[in-house]
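Student: Input input-v8.cif, format and content: mmCIF, C-alpha atoms; chains and numbers go by the auth columns.
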```
data_target
#
loop_
_atom_site.group_PDB
_atom_site.id
_atom_site.type_symbol
_atom_site.label_atom_id
_atom_site.label_comp_id
_atom_site.label_asym_id
_atom_site.label_seq_id
_atom_site.Cartn_x
_atom_site.Cartn_y
_atom_site.Cartn_z
_atom_site.B_iso_or_equiv
_atom_site.auth_seq_id
_atom_site.auth_asym_id
ATOM 1 C CA ASP A 1 -22.216 -3.857 -29.653 0.00 107 X
ATOM 2 C CA ILE A 2 -19.505 -2.017 -27.726 0.00 108 X
ATOM 3 C CA GLN A 3 -16.161 -1.905 -29.472 0.00 109 X
ATOM 4 C CA ALA A 4 -13.138 -2.819 -27.329 0.00 110 X
ATOM 5 C CA PRO A 5 -11.295 0.233 -25.961 0.00 111 X
ATOM 6 C CA GLU A 6 -8.038 -0.946 -27.580 0.00 112 X
ATOM 7 C CA ALA A 7 -9.644 -0.755 -31.023 0.00 113 X
ATOM 8 C CA ARG A 8 -10.969 2.714 -30.302 0.00 114 X
ATOM 9 C CA ALA A 9 -7.845 4.241 -28.696 0.00 115 X
ATOM 10 C CA ASP A 10 -7.521 7.103 -31.191 0.00 116 X
ATOM 11 C CA SER A 11 -11.160 8.139 -30.876 0.00 117 X
ATOM 12 C CA ILE A 12 -10.950 7.867 -27.085 0.00 118 X
ATOM 13 C CA LEU A 13 -7.936 10.206 -27.064 0.00 119 X
ATOM 14 C CA ASP A 14 -9.735 12.646 -29.341 0.00 120 X
ATOM 15 C CA ALA A 15 -12.849 12.626 -27.143 0.00 121 X
ATOM 16 C CA ALA A 16 -10.782 13.080 -23.974 0.00 122 X
ATOM 17 C CA ASP A 17 -8.836 16.001 -25.421 0.00 123 X
ATOM 18 C CA ARG A 18 -11.988 17.733 -26.707 0.00 124 X
ATOM 19 C CA LEU A 19 -13.757 17.231 -23.386 0.00 125 X
ATOM 20 C CA ALA A 20 -10.728 18.489 -21.436 0.00 126 X
ATOM 21 C CA ALA A 21 -10.660 21.647 -23.577 0.00 127 X
ATOM 22 C CA LEU A 22 -14.345 22.204 -22.851 0.00 128 X
ATOM 23 C CA ILE A 23 -13.825 21.661 -19.117 0.00 129 X
ATOM 24 C CA GLY A 24 -10.952 24.162 -19.191 0.00 130 X
ATOM 25 C CA GLU A 25 -13.124 26.766 -20.926 0.00 131 X
ATOM 26 C CA VAL A 26 -16.069 26.236 -18.584 0.00 132 X
ATOM 27 C CA SER A 27 -13.738 26.504 -15.573 0.00 133 X
ATOM 28 C CA LEU A 28 -12.609 29.929 -16.780 0.00 134 X
ATOM 29 C CA LEU A 29 -16.181 31.112 -17.277 0.00 135 X
ATOM 30 C CA TYR A 30 -17.467 29.632 -14.017 0.00 136 X
ATOM 31 C CA PRO A 31 -14.608 29.419 -11.510 0.00 137 X
ATOM 32 C CA THR A 32 -14.884 26.869 -8.725 0.00 138 X
ATOM 33 C CA THR A 33 -12.971 26.225 -5.518 0.00 139 X
ATOM 34 C CA GLY A 34 -10.976 23.324 -6.874 0.00 140 X
ATOM 35 C CA ARG A 35 -10.359 20.906 -9.664 0.00 141 X
ATOM 36 C CA ALA A 36 -13.202 18.996 -11.272 0.00 142 X
ATOM 37 C CA LEU A 37 -14.402 15.494 -10.444 0.00 143 X
ATOM 38 C CA VAL A 38 -14.940 13.015 -13.261 0.00 144 X
ATOM 39 C CA THR A 39 -16.912 9.801 -13.333 0.00 145 X
ATOM 40 C CA GLY A 40 -18.489 7.656 -15.981 0.00 146 X
ATOM 41 C CA PHE A 41 -19.972 4.241 -16.617 0.00 147 X
ATOM 42 C CA SER A 42 -18.832 1.749 -19.285 0.00 148 X
ATOM 43 C CA GLN A 43 -17.293 3.761 -22.137 0.00 149 X
ATOM 44 C CA GLY A 44 -17.662 6.774 -19.836 0.00 150 X
ATOM 45 C CA GLY A 45 -15.523 4.858 -17.337 0.00 151 X
ATOM 46 C CA VAL A 46 -12.879 4.379 -20.028 0.00 152 X
ATOM 47 C CA LEU A 47 -13.030 8.111 -20.737 0.00 153 X
ATOM 48 C CA SER A 48 -12.751 8.885 -17.002 0.00 154 X
ATOM 49 C CA PHE A 49 -9.503 6.932 -16.788 0.00 155 X
ATOM 50 C CA VAL A 50 -8.063 8.644 -19.864 0.00 156 X
ATOM 51 C CA LEU A 51 -9.084 12.145 -18.757 0.00 157 X
ATOM 52 C CA ALA A 52 -7.490 11.622 -15.344 0.00 158 X
ATOM 53 C CA ILE A 53 -4.137 10.491 -16.706 0.00 159 X
ATOM 54 C CA ARG A 54 -3.997 12.709 -19.776 0.00 160 X
ATOM 55 C CA HIS A 55 -5.224 15.931 -18.152 0.00 161 X
ATOM 56 C CA PRO A 56 -4.349 15.553 -14.447 0.00 162 X
ATOM 57 C CA GLU A 57 -4.238 19.305 -13.912 0.00 163 X
ATOM 58 C CA LEU A 58 -8.025 19.457 -14.392 0.00 164 X
ATOM 59 C CA PHE A 59 -9.154 16.755 -11.962 0.00 165 X
ATOM 60 C CA LYS A 60 -9.093 16.079 -8.251 0.00 166 X
ATOM 61 C CA LEU A 61 -10.799 12.681 -8.424 0.00 167 X
ATOM 62 C CA ALA A 62 -11.745 10.180 -11.113 0.00 168 X
ATOM 63 C CA VAL A 63 -14.229 7.377 -10.463 0.00 169 X
ATOM 64 C CA PRO A 64 -14.422 5.042 -13.464 0.00 170 X
ATOM 65 C CA LEU A 65 -17.312 2.576 -13.240 0.00 171 X
ATOM 66 C CA SER A 66 -17.209 -0.662 -15.255 0.00 172 X
ATOM 67 C CA GLY A 67 -14.664 0.719 -17.699 0.00 173 X
ATOM 68 C CA GLU A 68 -11.025 -0.088 -18.268 0.00 174 X
ATOM 69 C CA LEU A 69 -7.817 1.749 -19.052 0.00 175 X
ATOM 70 C CA PRO A 70 -6.855 0.709 -22.586 0.00 176 X
ATOM 71 C CA TRP A 71 -3.354 -0.756 -22.537 0.00 177 X
ATOM 72 C CA ARG A 72 -2.399 1.315 -25.577 0.00 178 X
ATOM 73 C CA LEU A 73 -3.208 4.479 -23.608 0.00 179 X
ATOM 74 C CA ARG A 74 -1.339 3.657 -20.409 0.00 180 X
ATOM 75 C CA PRO A 75 0.518 6.709 -19.173 0.00 181 X
ATOM 76 C CA LEU A 76 4.020 7.597 -18.216 0.00 182 X
ATOM 77 C CA PRO A 77 4.693 8.482 -14.557 0.00 183 X
ATOM 78 C CA PRO A 78 3.099 11.768 -13.466 0.00 184 X
ATOM 79 C CA GLN A 79 5.332 14.744 -14.133 0.00 185 X
ATOM 80 C CA VAL A 80 7.258 16.026 -11.124 0.00 186 X
ATOM 81 C CA GLY A 81 5.258 18.798 -9.503 0.00 187 X
ATOM 82 C CA THR A 82 2.007 17.611 -11.062 0.00 188 X
ATOM 83 C CA SER A 83 -0.772 16.633 -8.718 0.00 189 X
ATOM 84 C CA ALA A 84 -2.401 13.617 -10.353 0.00 190 X
ATOM 85 C CA PRO A 85 -5.998 12.957 -9.332 0.00 191 X
ATOM 86 C CA ARG A 86 -6.966 10.068 -7.105 0.00 192 X
ATOM 87 C CA ILE A 87 -8.484 7.273 -9.172 0.00 193 X
ATOM 88 C CA ARG A 88 -11.074 5.051 -7.500 0.00 194 X
ATOM 89 C CA ALA A 89 -12.347 2.508 -10.022 0.00 195 X
ATOM 90 C CA MET A 90 -15.260 0.162 -9.364 0.00 196 X
ATOM 91 C CA HIS A 91 -16.067 -2.923 -11.415 0.00 197 X
ATOM 92 C CA GLY A 92 -18.375 -5.922 -11.192 0.00 198 X
ATOM 93 C CA THR A 93 -16.704 -9.324 -11.295 0.00 199 X
ATOM 94 C CA ALA A 94 -19.450 -10.773 -13.530 0.00 200 X
ATOM 95 C CA ASP A 95 -19.194 -8.002 -16.150 0.00 201 X
ATOM 96 C CA ARG A 96 -19.137 -9.564 -19.629 0.00 202 X
ATOM 97 C CA ILE A 97 -18.906 -6.265 -21.537 0.00 203 X
ATOM 98 C CA PHE A 98 -15.659 -5.037 -19.957 0.00 204 X
ATOM 99 C CA SER A 99 -13.759 -7.624 -17.965 0.00 205 X
ATOM 100 C CA ILE A 100 -12.554 -6.592 -14.539 0.00 206 X
ATOM 101 C CA ASP A 101 -9.156 -8.019 -15.573 0.00 207 X
ATOM 102 C CA GLY A 102 -8.521 -5.033 -17.864 0.00 208 X
ATOM 103 C CA THR A 103 -9.412 -2.622 -15.087 0.00 209 X
ATOM 104 C CA GLN A 104 -7.176 -4.414 -12.597 0.00 210 X
ATOM 105 C CA ARG A 105 -4.229 -4.464 -15.030 0.00 211 X
ATOM 106 C CA GLY A 106 -4.660 -0.762 -15.721 0.00 212 X
ATOM 107 C CA VAL A 107 -4.833 0.138 -12.040 0.00 213 X
ATOM 108 C CA GLU A 108 -1.802 -2.038 -11.238 0.00 214 X
ATOM 109 C CA HIS A 109 0.119 -0.196 -13.962 0.00 215 X
ATOM 110 C CA LEU A 110 -0.933 3.173 -12.525 0.00 216 X
ATOM 111 C CA VAL A 111 0.079 2.169 -8.995 0.00 217 X
ATOM 112 C CA GLY A 112 3.457 1.067 -10.354 0.00 218 X
ATOM 113 C CA LEU A 113 3.869 4.624 -11.659 0.00 219 X
ATOM 114 C CA ASP A 114 2.986 6.137 -8.256 0.00 220 X
ATOM 115 C CA TYR A 115 -0.581 7.110 -9.106 0.00 221 X
ATOM 116 C CA ASP A 116 -2.996 6.964 -6.169 0.00 222 X
ATOM 117 C CA ALA A 117 -5.281 4.426 -7.815 0.00 223 X
ATOM 118 C CA THR A 118 -7.450 1.547 -6.623 0.00 224 X
ATOM 119 C CA VAL A 119 -10.087 -0.752 -8.042 0.00 225 X
ATOM 120 C CA THR A 120 -12.871 -2.166 -5.906 0.00 226 X
ATOM 121 C CA PRO A 121 -14.375 -5.413 -7.206 0.00 227 X
ATOM 122 C CA TYR A 122 -18.086 -6.012 -6.729 0.00 228 X
ATOM 123 C CA PRO A 123 -18.723 -9.791 -6.629 0.00 229 X
ATOM 124 C CA ALA A 124 -21.413 -11.143 -8.966 0.00 230 X
ATOM 125 C CA VAL A 125 -22.222 -7.677 -10.360 0.00 231 X
ATOM 126 C CA LYS A 126 -22.704 -7.621 -14.142 0.00 232 X
ATOM 127 C CA HIS A 127 -22.340 -4.570 -16.436 0.00 233 X
ATOM 128 C CA THR A 128 -24.389 -2.278 -14.256 0.00 234 X
ATOM 129 C CA ILE A 129 -24.095 0.096 -11.312 0.00 235 X
ATOM 130 C CA SER A 130 -25.196 -1.863 -8.281 0.00 236 X
ATOM 131 C CA PRO A 131 -26.745 -0.144 -5.247 0.00 237 X
ATOM 132 C CA ALA A 132 -23.466 -0.674 -3.350 0.00 238 X
ATOM 133 C CA MET A 133 -21.461 0.917 -6.190 0.00 239 X
ATOM 134 C CA HIS A 134 -23.915 3.813 -6.323 0.00 240 X
ATOM 135 C CA ALA A 135 -23.589 4.408 -2.574 0.00 241 X
ATOM 136 C CA GLU A 136 -19.780 4.303 -2.746 0.00 242 X
ATOM 137 C CA LEU A 137 -19.744 6.667 -5.736 0.00 243 X
ATOM 138 C CA PHE A 138 -21.765 9.254 -3.856 0.00 244 X
ATOM 139 C CA ARG A 139 -19.644 8.801 -0.723 0.00 245 X
ATOM 140 C CA LEU A 140 -16.472 9.448 -2.751 0.00 246 X
ATOM 141 C CA LEU A 141 -17.962 12.487 -4.497 0.00 247 X
ATOM 142 C CA SER A 142 -19.248 13.959 -1.227 0.00 248 X
ATOM 143 C CA GLU A 143 -15.875 13.395 0.427 0.00 249 X
ATOM 144 C CA ALA A 144 -14.090 15.068 -2.492 0.00 250 X
ATOM 145 C CA ILE A 145 -16.212 18.219 -2.272 0.00 251 X
ATOM 146 C CA GLY A 146 -15.954 18.348 1.508 0.00 252 X
ATOM 147 C CA HIS A 147 -19.469 17.356 2.525 0.00 253 X
#
```
Before we go any further, please render this structure as structure tokens.
Tutor:
Amino acid sequence: DIQAPEARADSILDAADRLAALIGEVSLLYPTTGRALVTGFSQGGVLSFVLAIRHPELFKLAVPLSGELPWRLRPLPPQVGTSAPRIRAMHGTADRIFSIDGTQRGVEHLVGLDYDATVTPYPAVKHTISPAMHAELFRLLSEAIGH
């Protein structure tokens, strides 16, 4: 049984901060030509949202799949001079694990703070990655790396 993101906010923050530290260390050891891309499904989608808003300096693009931005973890506006990553969420409308409503509310909040964020609903898709979501994910990732 998946615990609601609101109930797990502290552990989500801890996981995001530990993962961001690891990404920072790996980036120093293995330099790349740009900021990282982050994506995840379900609780990984929740973590993708939190990483993007909490550690924007690390990411160029976040693609949360079937996860929501916990209301308790909603951010402040991006700091002036900070380049926040684009956030392109995807969520099935028939998802009974994480409701698309939570994702839509989170994205609306981000847009209100001037984040470049969208959510694409996938009609009748349950808590899964549909072929259409998969294709769009790979299109977004390819576009972000310049292919």
Student: Determine the residue membership of the PyMOL selection byres ((chain X and resi 141) around 8) for the file above and supply it as a PyMOL selection string.
Tutor: chain X and resi 138-140+142-143+163-166
Student: Include C-alpha atoms and write out the residues we just selected as a compact mmCIF listing (two decimals), in the frame of the given file.
Tutor:
```txt
# COMPACT_ATOMS: atom_id res chain seq x y z
CA THR X 138 -14.88 26.87 -8.72
CA THR X 139 -12.97 26.22 -5.52
CA GLY X 140 -10.98 23.32 -6.87
CA ALA X 142 -13.20 19.00 -11.27
CA LEU X 143 -14.40 15.49 -10.44
CA GLU X 163 -4.24 19.30 -13.91
CA LEU X 164 -8.02 19.46 -14.39
CA PHE X 165 -9.15 16.76 -11.96
CA LYS X 166 -9.09 16.08 -8.25
```
Student: May I ask for the distance between atom CA of Pro170 of chain X and atom CA of Thr188 of chain X, given in Å to one decimal place?
Tutor: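 So the two atoms, atom CA of Pro170 of chain X and atom CA of Thr188 of chain X, lie 20.8 Å apart.
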Student: Given the point (-18.5, -7.5, -15.0) in the coordinates of this file, which residues lie within 9 Å, counting all atoms listed in the file, and how would they look as a ChimeraX atom specification?
Tutor: /X:172,197-206,228-234
Student: Using 12 Å as the limit and counting all atoms listed in the file, can you tabulate each residue of segment 147-222 of chain X that touches segment 125-134 of chain X, with its shortest atom-to-atom distance in Å and the two atoms involved, as a Markdown table?
Tutor:
```
| residue | atom | partner | partner_atom | distance |
| --- | --- | --- | --- | --- |
| X:Gly150 | CA | X:Leu125 | CA | 11.7 |
| X:Leu153 | CA | X:Leu125 | CA | 9.5 |
| X:Ser154 | CA | X:Leu125 | CA | 10.6 |
| X:Val156 | CA | X:Ala126 | CA | 10.3 |
| X:Leu157 | CA | X:Ala126 | CA | 7.1 |
| X:Ala158 | CA | X:Ala126 | CA | 9.7 |
| X:Ile159 | CA | X:Ala126 | CA | 11.4 |
| X:Arg160 | CA | X:Ala126 | CA | 9.0 |
| X:His161 | CA | X:Ala126 | CA | 6.9 |
| X:Pro162 | CA | X:Ala126 | CA | 9.9 |
| X:Glu163 | CA | X:Gly130 | CA | 9.8 |
| X:Leu164 | CA | X:Gly130 | CA | 7.3 |
| X:Phe165 | CA | X:Ala126 | CA | 9.8 |
```
Student: I'd like the interatomic distance between atom CA of Gln210 of chain X and atom CA of Ala223 of chain X, to a tenth of an Å.
Tutor: 10.2 Å
Student: Counting only C-alpha atoms, which of X:Leu182, X:Pro137, X:Ala121, X:Ala238 gets nearest to Val152 of chain X?
Tutor: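 Selected residue with least distance to Val152 of chain X: X:Ala121.
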Student: Could the centre and edge lengths of an axis-aligned box, enclosing all atoms of segment 186-195 of chain X in the file with 4 Å extra on each side, be given in Å to one decimal as lines of an AutoDock Vina configuration file?
Tutor:
```
center_x = -2.5
center_y = 10.7
center_z = -9.1
size_x = 27.6
size_y = 24.3
size_z = 12.0
```
Student: Mind pulling up the distance from atom CA of Met239 of chain X to atom CA of Asp207 of chain X?
Tutor: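 Separation between atom CA of Asp207 of chain X and atom CA of Met239 of chain X: 17.9 Å.
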Student: If the PyMOL selection byres ((chain X and resi 193) around 7) were run on this exact file, what residues would it hold? Put them as a list in words.
Tutor: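 Selected by the PyMOL selection byres ((chain X and resi 193) around 7) here: Leu167, Ala168, Val169, Pro191, Arg192, Arg194, Ala195, Asp222, Ala223 and Thr224 of chain X.
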Student: Taking (-0.1, 6.3, -9.6) in the file's own coordinates, collect the residues within 9 Å, counting only C-alpha atoms, and hand them back as a list in words.
Tutor: Pro183, Pro184, Ala190, Pro191, Arg192, Ile193, Val213, Glu214, His215, Leu216, Val217, Gly218, Leu219, Asp220, Tyr221, Asp222 and Ala223 of chain X
Student: Taking into account all atoms listed in the file, which residue in the set X:Leu179, X:Ala241, X:Leu171, X:Ala122 is nearest to Thr145 of chain X?
Tutor: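 Result for the nearest residue to Thr145 of chain X: X:Leu171.
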